$ cat input.pdb   # PDB, C-alpha atoms
ATOM      1  CA  MET X 596     -24.331   5.016 -27.879
ATOM      2  CA  THR X 597     -23.735   5.297 -24.135
ATOM      3  CA  GLN X 598     -21.632   2.768 -22.307
ATOM      4  CA  SER X 599     -24.676   2.064 -20.114
ATOM      5  CA  SER X 600     -25.790  -0.395 -22.808
ATOM      6  CA  LEU X 601     -22.867  -2.593 -21.748
ATOM      7  CA  TYR X 602     -23.909  -2.784 -18.089
ATOM      8  CA  ALA X 603     -26.449  -5.112 -16.527
ATOM      9  CA  ILE X 604     -28.179  -2.540 -14.333
ATOM     10  CA  GLY X 605     -30.286   0.349 -15.545
ATOM     11  CA  THR X 606     -31.831   1.549 -18.778
ATOM     12  CA  GLN X 607     -29.722   2.979 -21.551
ATOM     13  CA  GLY X 608     -29.807   6.758 -21.522
ATOM     14  CA  GLN X 609     -31.378   7.025 -18.038
ATOM     15  CA  LYS X 610     -29.492   7.862 -14.852
ATOM     16  CA  TRP X 611     -29.778   5.460 -11.970
ATOM     17  CA  GLY X 612     -32.302   6.105  -9.241
ATOM     18  CA  ASP X 613     -32.557   4.522  -5.807
ATOM     19  CA  SER X 614     -33.866   1.271  -7.282
ATOM     20  CA  GLU X 615     -30.875   0.778  -9.555
ATOM     21  CA  LYS X 616     -28.444   1.695  -6.776
ATOM     22  CA  SER X 617     -30.103  -0.862  -4.508
ATOM     23  CA  GLN X 618     -29.772  -3.487  -7.242
ATOM     24  CA  TRP X 619     -26.100  -2.650  -7.551
ATOM     25  CA  LEU X 620     -25.533  -2.878  -3.801
ATOM     26  CA  ALA X 621     -27.268  -6.267  -3.634
ATOM     27  CA  LEU X 622     -24.732  -7.656  -6.119
ATOM     28  CA  GLN X 623     -21.682  -6.694  -4.031
ATOM     29  CA  THR X 624     -19.992  -9.432  -2.001
ATOM     30  CA  ILE X 625     -17.190  -9.634   0.544
ATOM     31  CA  LYS X 626     -13.979 -10.761  -1.150
ATOM     32  CA  ARG X 627     -11.304 -10.107   1.486
ATOM     33  CA  SER X 628     -10.966  -9.148   5.142
ATOM     34  CA  TYR X 629     -10.487  -5.603   6.400
ATOM     35  CA  ALA X 630      -9.953  -7.047   9.884
ATOM     36  CA  ASP X 631      -7.171  -9.410   8.811
ATOM     37  CA  GLU X 632      -5.455  -7.328   6.151
ATOM     38  CA  VAL X 633      -5.747  -3.838   7.641
ATOM     39  CA  LEU X 634      -6.928  -3.697  11.250
ATOM     40  CA  ALA X 635      -4.498  -6.387  12.407
ATOM     41  CA  LYS X 636      -1.616  -4.460  10.870
ATOM     42  CA  ILE X 637      -2.775  -1.237  12.511
ATOM     43  CA  GLU X 638      -2.971  -3.047  15.859
ATOM     44  CA  ALA X 639       0.613  -4.222  15.434
ATOM     45  CA  LEU X 640       1.743  -0.592  15.140
ATOM     46  CA  LYS X 641       0.454   0.411  18.593
ATOM     47  CA  PRO X 642       3.786   0.130  20.428
ATOM     48  CA  LYS X 643       5.362   2.748  18.171
ATOM     49  CA  PHE X 644       2.502   5.031  17.101
ATOM     50  CA  THR X 645      -0.670   6.694  18.325
ATOM     51  CA  ILE X 646      -3.814   5.074  16.946
ATOM     52  CA  GLU X 647      -7.026   7.122  16.815
ATOM     53  CA  GLN X 648     -10.483   6.139  15.643
ATOM     54  CA  TYR X 649     -12.098   9.023  13.788
ATOM     55  CA  GLY X 650     -15.384   7.411  12.774
ATOM     56  CA  ALA X 651     -17.098   4.298  11.429
ATOM     57  CA  LEU X 652     -19.220   3.429   8.418
ATOM     58  CA  SER X 653     -22.948   3.267   9.071
ATOM     59  CA  ILE X 654     -23.402   0.147   6.943
ATOM     60  CA  ASN X 655     -21.703  -1.740   9.801
ATOM     61  CA  ALA X 656     -20.030   0.428  12.442
ATOM     62  CA  ASP X 657     -18.550  -2.521  14.326
ATOM     63  CA  LYS X 658     -17.014  -4.048  11.238
ATOM     64  CA  TYR X 659     -15.832  -0.839   9.581
ATOM     65  CA  PRO X 660     -14.194   1.480  12.130
ATOM     66  CA  LEU X 661     -12.024   4.215  10.625
ATOM     67  CA  PHE X 662      -8.523   4.777  11.993
ATOM     68  CA  VAL X 663      -5.578   7.082  11.617
ATOM     69  CA  VAL X 664      -2.060   6.290  12.748
ATOM     70  CA  LYS X 665      -0.031   9.228  14.078
ATOM     71  CA  SER X 666       3.559   9.757  15.112
ATOM     72  CA  VAL X 667       3.813   9.809  18.916
ATOM     73  CA  ASN X 668       5.977  12.929  19.123
ATOM     74  CA  PHE X 669       3.279  15.117  17.591
ATOM     75  CA  VAL X 670       4.236  18.734  18.343
ATOM     76  CA  ASN X 671       3.135  22.070  16.950
ATOM     77  CA  ASP X 672       6.559  23.239  15.833
ATOM     78  CA  LYS X 673       6.931  20.419  13.296
ATOM     79  CA  PRO X 674       5.397  20.475   9.801
ATOM     80  CA  THR X 675       2.500  18.041   9.402
ATOM     81  CA  ILE X 676       2.240  15.411   6.681
ATOM     82  CA  LEU X 677      -0.945  13.540   5.684
ATOM     83  CA  ILE X 678      -0.885  10.198   3.872
ATOM     84  CA  THR X 679      -4.134   8.606   2.702
ATOM     85  CA  GLY X 680      -4.719   5.174   1.215
ATOM     86  CA  GLY X 681      -7.766   3.249   0.107
ATOM     87  CA  VAL X 682      -9.936   6.235  -0.771
ATOM     88  CA  HIS X 683     -10.893   3.873  -3.552
ATOM     89  CA  GLY X 684     -11.106   0.693  -1.541
ATOM     90  CA  TYR X 685     -10.234  -1.636  -4.386
ATOM     91  CA  GLU X 686      -6.834  -0.013  -4.920
ATOM     92  CA  THR X 687      -4.828  -2.455  -2.838
ATOM     93  CA  SER X 688      -1.339  -0.981  -2.984
ATOM     94  CA  GLY X 689      -2.607   2.358  -1.713
ATOM     95  CA  VAL X 690      -3.743   0.682   1.502
ATOM     96  CA  GLN X 691      -0.819  -1.693   1.820
ATOM     97  CA  GLY X 692       1.674   0.976   0.753
ATOM     98  CA  ALA X 693       0.491   3.261   3.560
ATOM     99  CA  LEU X 694       0.792   0.402   6.051
ATOM    100  CA  ARG X 695       4.235  -0.571   4.738
ATOM    101  CA  PHE X 696       5.445   3.010   5.104
ATOM    102  CA  LEU X 697       4.264   3.004   8.709
ATOM    103  CA  ALA X 698       5.929  -0.300   9.465
ATOM    104  CA  SER X 699       9.243   0.468   7.797
ATOM    105  CA  LYS X 700       9.886   4.195   7.345
ATOM    106  CA  ALA X 701       7.570   6.428   9.366
ATOM    107  CA  GLU X 702       9.551   6.338  12.613
ATOM    108  CA  HIS X 703      12.555   7.850  10.876
ATOM    109  CA  TYR X 704      10.559  10.672   9.307
ATOM    110  CA  SER X 705       8.645  11.395  12.508
ATOM    111  CA  GLU X 706      11.851  13.001  13.774
ATOM    112  CA  TYR X 707      11.217  15.788  11.270
ATOM    113  CA  PHE X 708       7.466  15.750  10.679
ATOM    114  CA  ASN X 709       4.167  15.191  12.410
ATOM    115  CA  ILE X 710       2.845  12.227  10.440
ATOM    116  CA  ILE X 711      -0.823  11.321  10.035
ATOM    117  CA  VAL X 712      -1.727   8.221   8.027
ATOM    118  CA  ALA X 713      -5.273   7.108   7.166
ATOM    119  CA  PRO X 714      -4.403   3.718   5.647
ATOM    120  CA  CYS X 715      -7.874   2.677   4.503
ATOM    121  CA  VAL X 716     -10.375   5.478   4.019
ATOM    122  CA  SER X 717     -12.974   3.157   2.430
ATOM    123  CA  PRO X 718     -12.981  -0.190   4.287
ATOM    124  CA  TRP X 719     -16.254  -1.460   2.808
ATOM    125  CA  GLY X 720     -14.793  -0.745  -0.611
ATOM    126  CA  TYR X 721     -11.643  -2.597   0.408
ATOM    127  CA  GLU X 722     -13.564  -5.731   1.384
ATOM    128  CA  THR X 723     -15.852  -5.730  -1.666
ATOM    129  CA  ILE X 724     -13.046  -4.538  -4.002
ATOM    130  CA  ASN X 725     -15.010  -1.485  -5.055
ATOM    131  CA  ARG X 726     -14.330   2.012  -6.285
ATOM    132  CA  TRP X 727     -17.653   3.244  -4.915
ATOM    133  CA  ASP X 728     -19.176   3.251  -1.440
ATOM    134  CA  PRO X 729     -22.414   1.377  -0.575
ATOM    135  CA  LYS X 730     -24.494   4.251  -1.974
ATOM    136  CA  ALA X 731     -22.745   3.983  -5.373
ATOM    137  CA  ILE X 732     -20.879   7.222  -4.645
ATOM    138  CA  ASP X 733     -17.220   7.718  -5.543
ATOM    139  CA  PRO X 734     -15.471   8.955  -2.377
ATOM    140  CA  ASN X 735     -12.676  10.431  -4.476
ATOM    141  CA  ARG X 736     -15.100  12.819  -6.117
ATOM    142  CA  SER X 737     -16.740  13.745  -2.807
ATOM    143  CA  PHE X 738     -14.248  15.794  -0.802
ATOM    144  CA  TYR X 739     -16.328  18.933  -0.473
ATOM    145  CA  LYS X 740     -18.630  20.564   2.067
ATOM    146  CA  ASN X 741     -21.715  18.493   2.972
ATOM    147  CA  SER X 742     -20.217  15.476   1.220
ATOM    148  CA  PRO X 743     -22.665  12.660   0.447
ATOM    149  CA  ALA X 744     -19.911  10.075   1.029
ATOM    150  CA  GLU X 745     -19.348   9.116   4.664
ATOM    151  CA  GLU X 746     -15.786   8.099   3.930
ATOM    152  CA  SER X 747     -14.925  11.564   2.647
ATOM    153  CA  ALA X 748     -16.928  13.486   5.236
ATOM    154  CA  GLU X 749     -15.417  11.607   8.194
ATOM    155  CA  LEU X 750     -11.850  12.173   7.034
ATOM    156  CA  MET X 751     -12.410  15.856   6.285
ATOM    157  CA  ALA X 752     -13.994  16.395   9.699
ATOM    158  CA  TYR X 753     -11.084  14.672  11.416
ATOM    159  CA  VAL X 754      -8.415  16.691   9.588
ATOM    160  CA  GLU X 755     -10.295  19.909  10.322
ATOM    161  CA  SER X 756     -10.527  18.986  14.014
ATOM    162  CA  LEU X 757      -6.736  18.827  14.266
ATOM    163  CA  ASN X 758      -6.475  22.554  13.492
ATOM    164  CA  VAL X 759      -3.120  22.123  11.781
ATOM    165  CA  ASN X 760      -1.769  23.435   8.504
ATOM    166  CA  LEU X 761      -0.703  20.500   6.370
ATOM    167  CA  LEU X 762       2.584  20.930   4.559
ATOM    168  CA  ALA X 763       2.140  17.882   2.318
ATOM    169  CA  HIS X 764      -0.461  15.309   1.367
ATOM    170  CA  PHE X 765       0.292  12.022  -0.388
ATOM    171  CA  ASP X 766      -2.861  10.261  -1.651
ATOM    172  CA  LEU X 767      -2.056   6.701  -2.708
ATOM    173  CA  HIS X 768      -3.969   5.141  -5.617
ATOM    174  CA  GLU X 769      -3.690   2.515  -8.327
ATOM    175  CA  THR X 770      -5.477   1.610 -11.532
ATOM    176  CA  THR X 771      -6.429  -1.965 -12.420
ATOM    177  CA  ASP X 772      -7.929  -3.642 -15.471
ATOM    178  CA  THR X 773     -11.271  -3.687 -13.645
ATOM    179  CA  ASP X 774     -11.517   0.027 -14.413
ATOM    180  CA  ASN X 775     -12.401  -1.032 -17.942
ATOM    181  CA  THR X 776     -14.265  -4.249 -17.192
ATOM    182  CA  GLU X 777     -16.373  -2.987 -14.277
ATOM    183  CA  PHE X 778     -15.993   0.518 -12.920
ATOM    184  CA  ARG X 779     -16.140   2.657 -16.054
ATOM    185  CA  PRO X 780     -19.085   0.698 -17.492
ATOM    186  CA  ALA X 781     -20.863   1.070 -14.141
ATOM    187  CA  LEU X 782     -20.124   4.796 -14.036
ATOM    188  CA  ALA X 783     -21.369   5.285 -17.587
ATOM    189  CA  ALA X 784     -24.548   3.382 -16.735
ATOM    190  CA  ARG X 785     -25.127   5.202 -13.420
ATOM    191  CA  ASP X 786     -24.773   8.640 -14.992
ATOM    192  CA  ALA X 787     -26.092   7.814 -18.493
ATOM    193  CA  VAL X 788     -22.973   9.179 -20.162
ATOM    194  CA  THR X 789     -20.404   8.094 -22.719
ATOM    195  CA  HIS X 790     -16.775   7.475 -21.782
ATOM    196  CA  ASP X 791     -14.442   7.861 -24.732
ATOM    197  CA  ASN X 792     -11.036   7.447 -23.081
ATOM    198  CA  TRP X 793     -10.515   3.873 -21.882
ATOM    199  CA  ASN X 794      -6.720   3.802 -21.928
ATOM    200  CA  ILE X 795      -5.019   2.545 -18.769
ATOM    201  CA  PRO X 796      -1.425   3.815 -18.507
ATOM    202  CA  ASP X 797       1.057   0.962 -18.202
ATOM    203  CA  GLY X 798       3.151   2.034 -15.262
ATOM    204  CA  PHE X 799       3.477   4.484 -12.401
ATOM    205  CA  TYR X 800       2.495   8.123 -12.722
ATOM    206  CA  LEU X 801       1.619  11.077 -10.504
ATOM    207  CA  VAL X 802      -1.250  13.541 -10.480
ATOM    208  CA  GLY X 803      -0.333  16.983  -9.166
ATOM    209  CA  ASP X 804      -2.602  19.926  -8.462
ATOM    210  CA  THR X 805      -3.130  22.541 -11.170
ATOM    211  CA  LEU X 806      -3.025  25.321  -8.571
ATOM    212  CA  ARG X 807       0.000  23.936  -6.682
ATOM    213  CA  PRO X 808       1.897  21.796  -9.174
ATOM    214  CA  GLU X 809       5.312  21.918  -7.424
ATOM    215  CA  ALA X 810       6.992  20.401 -10.452
ATOM    216  CA  TYR X 811      10.362  19.690  -8.816
ATOM    217  CA  PHE X 812       8.634  17.835  -5.976
ATOM    218  CA  GLN X 813       6.878  15.604  -8.515
ATOM    219  CA  THR X 814      10.138  15.107 -10.439
ATOM    220  CA  ALA X 815      11.947  13.904  -7.321
ATOM    221  CA  MET X 816       9.309  11.232  -6.751
ATOM    222  CA  ILE X 817       9.270  10.092 -10.379
ATOM    223  CA  LYS X 818      13.053   9.709 -10.366
ATOM    224  CA  ALA X 819      12.980   7.663  -7.169
ATOM    225  CA  VAL X 820      10.094   5.421  -8.213
ATOM    226  CA  ALA X 821      11.794   4.778 -11.568
ATOM    227  CA  GLN X 822      14.437   2.872  -9.595
ATOM    228  CA  VAL X 823      11.851   0.316  -8.429
ATOM    229  CA  THR X 824       9.227   0.187 -11.188
ATOM    230  CA  HIS X 825       8.570   1.571 -14.648
ATOM    231  CA  ILE X 826       7.019   4.977 -15.280
ATOM    232  CA  ALA X 827       3.986   5.105 -17.548
ATOM    233  CA  PRO X 828       4.705   6.413 -21.051
ATOM    234  CA  SER X 829       2.315   8.877 -22.616
ATOM    235  CA  ASP X 830      -0.192   7.679 -25.205
ATOM    236  CA  ASP X 831      -0.031   8.431 -28.933
ATOM    237  CA  ASN X 832      -1.437  11.908 -28.266
ATOM    238  CA  GLY X 833       1.165  12.731 -25.622
ATOM    239  CA  LYS X 834      -1.343  12.361 -22.801
ATOM    240  CA  LEU X 835      -2.103  10.197 -19.762
ATOM    241  CA  ILE X 836      -5.793   9.345 -19.145
ATOM    242  CA  GLY X 837      -6.675  12.067 -21.652
ATOM    243  CA  VAL X 838      -4.716  14.786 -19.858
ATOM    244  CA  ASP X 839      -1.657  16.612 -21.206
ATOM    245  CA  LEU X 840       1.643  15.737 -19.556
ATOM    246  CA  GLU X 841       3.102  18.379 -17.253
ATOM    247  CA  GLN X 842       6.367  16.426 -17.369
ATOM    248  CA  PHE X 843       7.381  12.802 -17.829
ATOM    249  CA  GLY X 844       5.094  10.680 -15.650
ATOM    250  CA  VAL X 845       3.129  13.642 -14.264
ATOM    251  CA  ILE X 846      -0.225  15.222 -15.064
ATOM    252  CA  ASN X 847      -2.157  17.849 -13.111
ATOM    253  CA  TYR X 848      -5.795  17.896 -12.025
ATOM    254  CA  ALA X 849      -7.985  20.572 -10.437
ATOM    255  CA  THR X 850      -8.191  18.594  -7.215
ATOM    256  CA  LYS X 851     -10.478  20.917  -5.284
ATOM    257  CA  GLU X 852     -12.845  21.546  -8.176
ATOM    258  CA  LEU X 853     -13.164  17.800  -8.796
ATOM    259  CA  GLY X 854     -13.644  16.933  -5.113
ATOM    260  CA  LEU X 855     -10.530  14.772  -4.973
ATOM    261  CA  CYS X 856      -8.997  13.657  -1.707
ATOM    262  CA  ALA X 857      -5.748  15.413  -2.635
ATOM    263  CA  GLY X 858      -7.661  18.699  -2.592
ATOM    264  CA  LEU X 859      -8.994  18.450   0.952
ATOM    265  CA  SER X 860      -6.402  20.907   2.301
ATOM    266  CA  ASN X 861      -4.266  23.835   1.200
ATOM    267  CA  ALA X 862      -1.024  21.895   1.592
ATOM    268  CA  LYS X 863       1.888  23.204  -0.461
ATOM    269  CA  TYR X 864       3.015  19.768  -1.592
ATOM    270  CA  VAL X 865       0.245  17.563  -2.970
ATOM    271  CA  THR X 866       0.379  14.439  -5.094
ATOM    272  CA  THR X 867      -1.761  11.483  -6.050
ATOM    273  CA  THR X 868       0.122   8.307  -6.900
ATOM    274  CA  GLU X 869      -1.068   5.840  -9.521
ATOM    275  CA  VAL X 870       0.377   2.375 -10.120
ATOM    276  CA  TYR X 871      -0.787  -0.395 -12.450
ATOM    277  CA  PRO X 872      -0.526  -3.837 -10.804
ATOM    278  CA  ASP X 873      -1.935  -5.613 -13.866
ATOM    279  CA  SER X 874       1.052  -4.597 -15.964
ATOM    280  CA  PRO X 875       3.213  -7.525 -17.155
ATOM    281  CA  GLN X 876       6.133  -5.521 -15.746
ATOM    282  CA  ALA X 877       4.731  -5.253 -12.209
ATOM    283  CA  ASP X 878       3.208  -7.242  -9.361
ATOM    284  CA  ASN X 879       1.535  -6.474  -6.042
ATOM    285  CA  GLU X 880       4.778  -6.260  -4.070
ATOM    286  CA  ASN X 881       6.419  -4.054  -6.657
ATOM    287  CA  CYS X 882       3.474  -1.658  -6.470
ATOM    288  CA  ILE X 883       3.638  -1.464  -2.675
ATOM    289  CA  VAL X 884       7.359  -0.699  -2.841
ATOM    290  CA  ALA X 885       6.653   2.008  -5.424
ATOM    291  CA  GLN X 886       4.125   3.661  -3.107
ATOM    292  CA  VAL X 887       6.652   3.741  -0.272
ATOM    293  CA  ALA X 888       9.349   5.088  -2.588
ATOM    294  CA  ALA X 889       7.045   7.919  -3.660
ATOM    295  CA  ILE X 890       6.379   8.933  -0.060
ATOM    296  CA  THR X 891       9.967   8.739   1.139
ATOM    297  CA  SER X 892      11.428  10.551  -1.861
ATOM    298  CA  GLY X 893       8.793  13.258  -1.537
ATOM    299  CA  LEU X 894       9.624  13.716   2.136
ATOM    300  CA  ASP X 895      13.349  13.761   1.346
ATOM    301  CA  PHE X 896      12.741  16.489  -1.220
ATOM    302  CA  ILE X 897      10.850  18.572   1.341
ATOM    303  CA  LEU X 898      13.639  18.173   3.899
ATOM    304  CA  GLN X 899      16.230  19.209   1.345
ATOM    305  CA  ASN X 900      14.258  22.280   0.287
ATOM    306  CA  LYS X 901      13.188  23.831   3.561
TER     307      LYS X 901
END
$ encode --input "input.pdb" --output "structure tokens"
Amino acid sequence: MTQSSLYAIGTQGQKWGDSEKSQWLALQTIKRSYADEVLAKIEALKPKFTIEQYGALSINADKYPLFVVKSVNFVNDKPTILITGGVHGYETSGVQGALRFLASKAEHYSEYFNIIVAPCVSPWGYETINRWDPKAIDPNRSFYKNSPAEESAELMAYVESLNVNLLAHFDLHETTDTDNTEFRPALAARDAVTHDNWNIPDGFYLVGDTLRPEAYFQTAMIKAVAQVTHIAPSDDNGKLIGVDLEQFGVINYATKELGLCAGLSNAKYVTTTEVYPDSPQADNENCIVAQVAAITSGLDFILQNK
């Protein structure tokens, strides 16, 4: 039996068409404010950083402008670092972790790196607390040429326009219980498929790249984050989300092949963070702090291993 039988939209065993996607979109509602929770914080950074608009979402261009925040002393002889948050808009600590890093740590690291931060890649998803975009497309499976997701296409075009070689890319994510109650059932219904693995790791973990795993880089971040929150243990099969462990708290994905945000460049150091705010051992603030710890420890590792 497909999981689509558990979801209100669609017919079991049949992929969604435009009608079903329109039904899904009509059910989405605004639950929080991009202007208040993201744009206001970006505005407050203007005295210390360069703010650039790189696009806007067509569903409402005035309401959903897309911004990056850059270090002011951006020069060609420094290595360039990209940090992305909110590729999945519902993943709150990714967005707020990127903003917290900017507010508290980025100035220090801008002495050594060119820093580019896209704090909220999917602002409509942030407001509606959604994994998908308005077209029921997952932006974090859409980082490839001629992407159908505006969020992905706009960011890729902006990064390409900079004509820089990224040294590192930190893509900030989290997993919530709604993955099981909403997003996986919706995905199974949309694609008329069965999802067998519904385990949500209880704790922080990292996803490296199978082609560029940089194991010691990942280890440095895991060790640092373990000082502020717990690291997810493997399941009974020694896996996380159905994938074999590369090391404690780390799995690897084929980021380019899967169209993940972490695969948008050829950066040497690449990681995707994952926290679990619904854990009884964590809370929203703890998850934000963990995101910042992952970034700073990763940057420290790079500085120590030039």
$ resolve_selection --input "input.pdb" --expression "the PyMOL selection byres ((chain X and resi 688-703) around 7)" --output "PyMOL selection string"
chain X and resi 680-681+686-687+704-706+714-715+767-769+879+882-884+886-887
$ residues_near_point --input "input.pdb" --point "(-14.7, -0.7, 7.6)" --cutoff "9 Å" --atoms "all atoms listed in the file" --output "list in words"
Tyr629, Ala630, Ala651, Leu652, Ile654, Asn655, Ala656, Asp657, Lys658, Tyr659, Pro660, Leu661, Cys715, Val716, Ser717, Pro718, Trp719, Gly720, Tyr721 and Glu722 of chain X
$ resolve_selection --input "input.pdb" --expression "the PyMOL selection byres ((chain X and resi 710) around 9)" --output "PyMOL selection string"
chain X and resi 664-667+669+674-678+701+704-705+708-709+711-712
$ resolve_selection --input "input.pdb" --expression "the PyMOL selection byres ((chain X and resi 723-735) around 9)" --output "PDB file with C-alpha atoms, keeping the file's coordinate frame"
ATOM      1  CA  ASP X 613     -32.557   4.522  -5.807  1.00  0.00           C
ATOM      2  CA  LYS X 616     -28.444   1.695  -6.776  1.00  0.00           C
ATOM      3  CA  SER X 617     -30.103  -0.862  -4.508  1.00  0.00           C
ATOM      4  CA  TRP X 619     -26.100  -2.650  -7.551  1.00  0.00           C
ATOM      5  CA  LEU X 620     -25.533  -2.878  -3.801  1.00  0.00           C
ATOM      6  CA  GLN X 623     -21.682  -6.694  -4.031  1.00  0.00           C
ATOM      7  CA  THR X 624     -19.992  -9.432  -2.001  1.00  0.00           C
ATOM      8  CA  ILE X 625     -17.190  -9.634   0.544  1.00  0.00           C
ATOM      9  CA  LYS X 626     -13.979 -10.761  -1.150  1.00  0.00           C
ATOM     10  CA  ARG X 627     -11.304 -10.107   1.486  1.00  0.00           C
ATOM     11  CA  ILE X 654     -23.402   0.147   6.943  1.00  0.00           C
ATOM     12  CA  VAL X 682      -9.936   6.235  -0.771  1.00  0.00           C
ATOM     13  CA  HIS X 683     -10.893   3.873  -3.552  1.00  0.00           C
ATOM     14  CA  GLY X 684     -11.106   0.693  -1.541  1.00  0.00           C
ATOM     15  CA  TYR X 685     -10.234  -1.636  -4.386  1.00  0.00           C
ATOM     16  CA  GLU X 686      -6.834  -0.013  -4.920  1.00  0.00           C
ATOM     17  CA  THR X 687      -4.828  -2.455  -2.838  1.00  0.00           C
ATOM     18  CA  VAL X 716     -10.375   5.478   4.019  1.00  0.00           C
ATOM     19  CA  SER X 717     -12.974   3.157   2.430  1.00  0.00           C
ATOM     20  CA  PRO X 718     -12.981  -0.190   4.287  1.00  0.00           C
ATOM     21  CA  TRP X 719     -16.254  -1.460   2.808  1.00  0.00           C
ATOM     22  CA  GLY X 720     -14.793  -0.745  -0.611  1.00  0.00           C
ATOM     23  CA  TYR X 721     -11.643  -2.597   0.408  1.00  0.00           C
ATOM     24  CA  GLU X 722     -13.564  -5.731   1.384  1.00  0.00           C
ATOM     25  CA  ARG X 736     -15.100  12.819  -6.117  1.00  0.00           C
ATOM     26  CA  SER X 737     -16.740  13.745  -2.807  1.00  0.00           C
ATOM     27  CA  PHE X 738     -14.248  15.794  -0.802  1.00  0.00           C
ATOM     28  CA  SER X 742     -20.217  15.476   1.220  1.00  0.00           C
ATOM     29  CA  PRO X 743     -22.665  12.660   0.447  1.00  0.00           C
ATOM     30  CA  ALA X 744     -19.911  10.075   1.029  1.00  0.00           C
ATOM     31  CA  GLU X 745     -19.348   9.116   4.664  1.00  0.00           C
ATOM     32  CA  GLU X 746     -15.786   8.099   3.930  1.00  0.00           C
ATOM     33  CA  SER X 747     -14.925  11.564   2.647  1.00  0.00           C
ATOM     34  CA  ALA X 748     -16.928  13.486   5.236  1.00  0.00           C
ATOM     35  CA  ASP X 774     -11.517   0.027 -14.413  1.00  0.00           C
ATOM     36  CA  PHE X 778     -15.993   0.518 -12.920  1.00  0.00           C
ATOM     37  CA  ARG X 785     -25.127   5.202 -13.420  1.00  0.00           C
ATOM     38  CA  LEU X 853     -13.164  17.800  -8.796  1.00  0.00           C
ATOM     39  CA  GLY X 854     -13.644  16.933  -5.113  1.00  0.00           C
ATOM     40  CA  LEU X 855     -10.530  14.772  -4.973  1.00  0.00           C
ATOM     41  CA  CYS X 856      -8.997  13.657  -1.707  1.00  0.00           C
ATOM     42  CA  ALA X 857      -5.748  15.413  -2.635  1.00  0.00           C
TER      43      ALA X 857
END
$ atom_distance --input "input.pdb" --atom1 "atom CA of X:Lys851" --atom2 "atom CA of X:Thr805"
9.6 Å
$ closest_residue --input "input.pdb" --among "X:Ala787, X:Gly803, X:Ala849, X:Asn671" --to "X:Asn758" --atoms "all atoms listed in the file"
X:Asn671
$ atom_distance --input "input.pdb" --atom1 "atom CA of X:Thr824" --atom2 "atom CA of X:Ala862"
27.2 Å
$ closest_residue --input "input.pdb" --among "X:Asp830, X:Asp791, X:Glu809, X:Glu880" --to "X:Asn775" --atoms "all atoms listed in the file"
X:Asp791
$ closest_residue --input "input.pdb" --among "X:Asn847, X:Ala888, X:Phe662, X:Asp895" --to "X:Ala635" --atoms "all atoms listed in the file"
X:Phe662
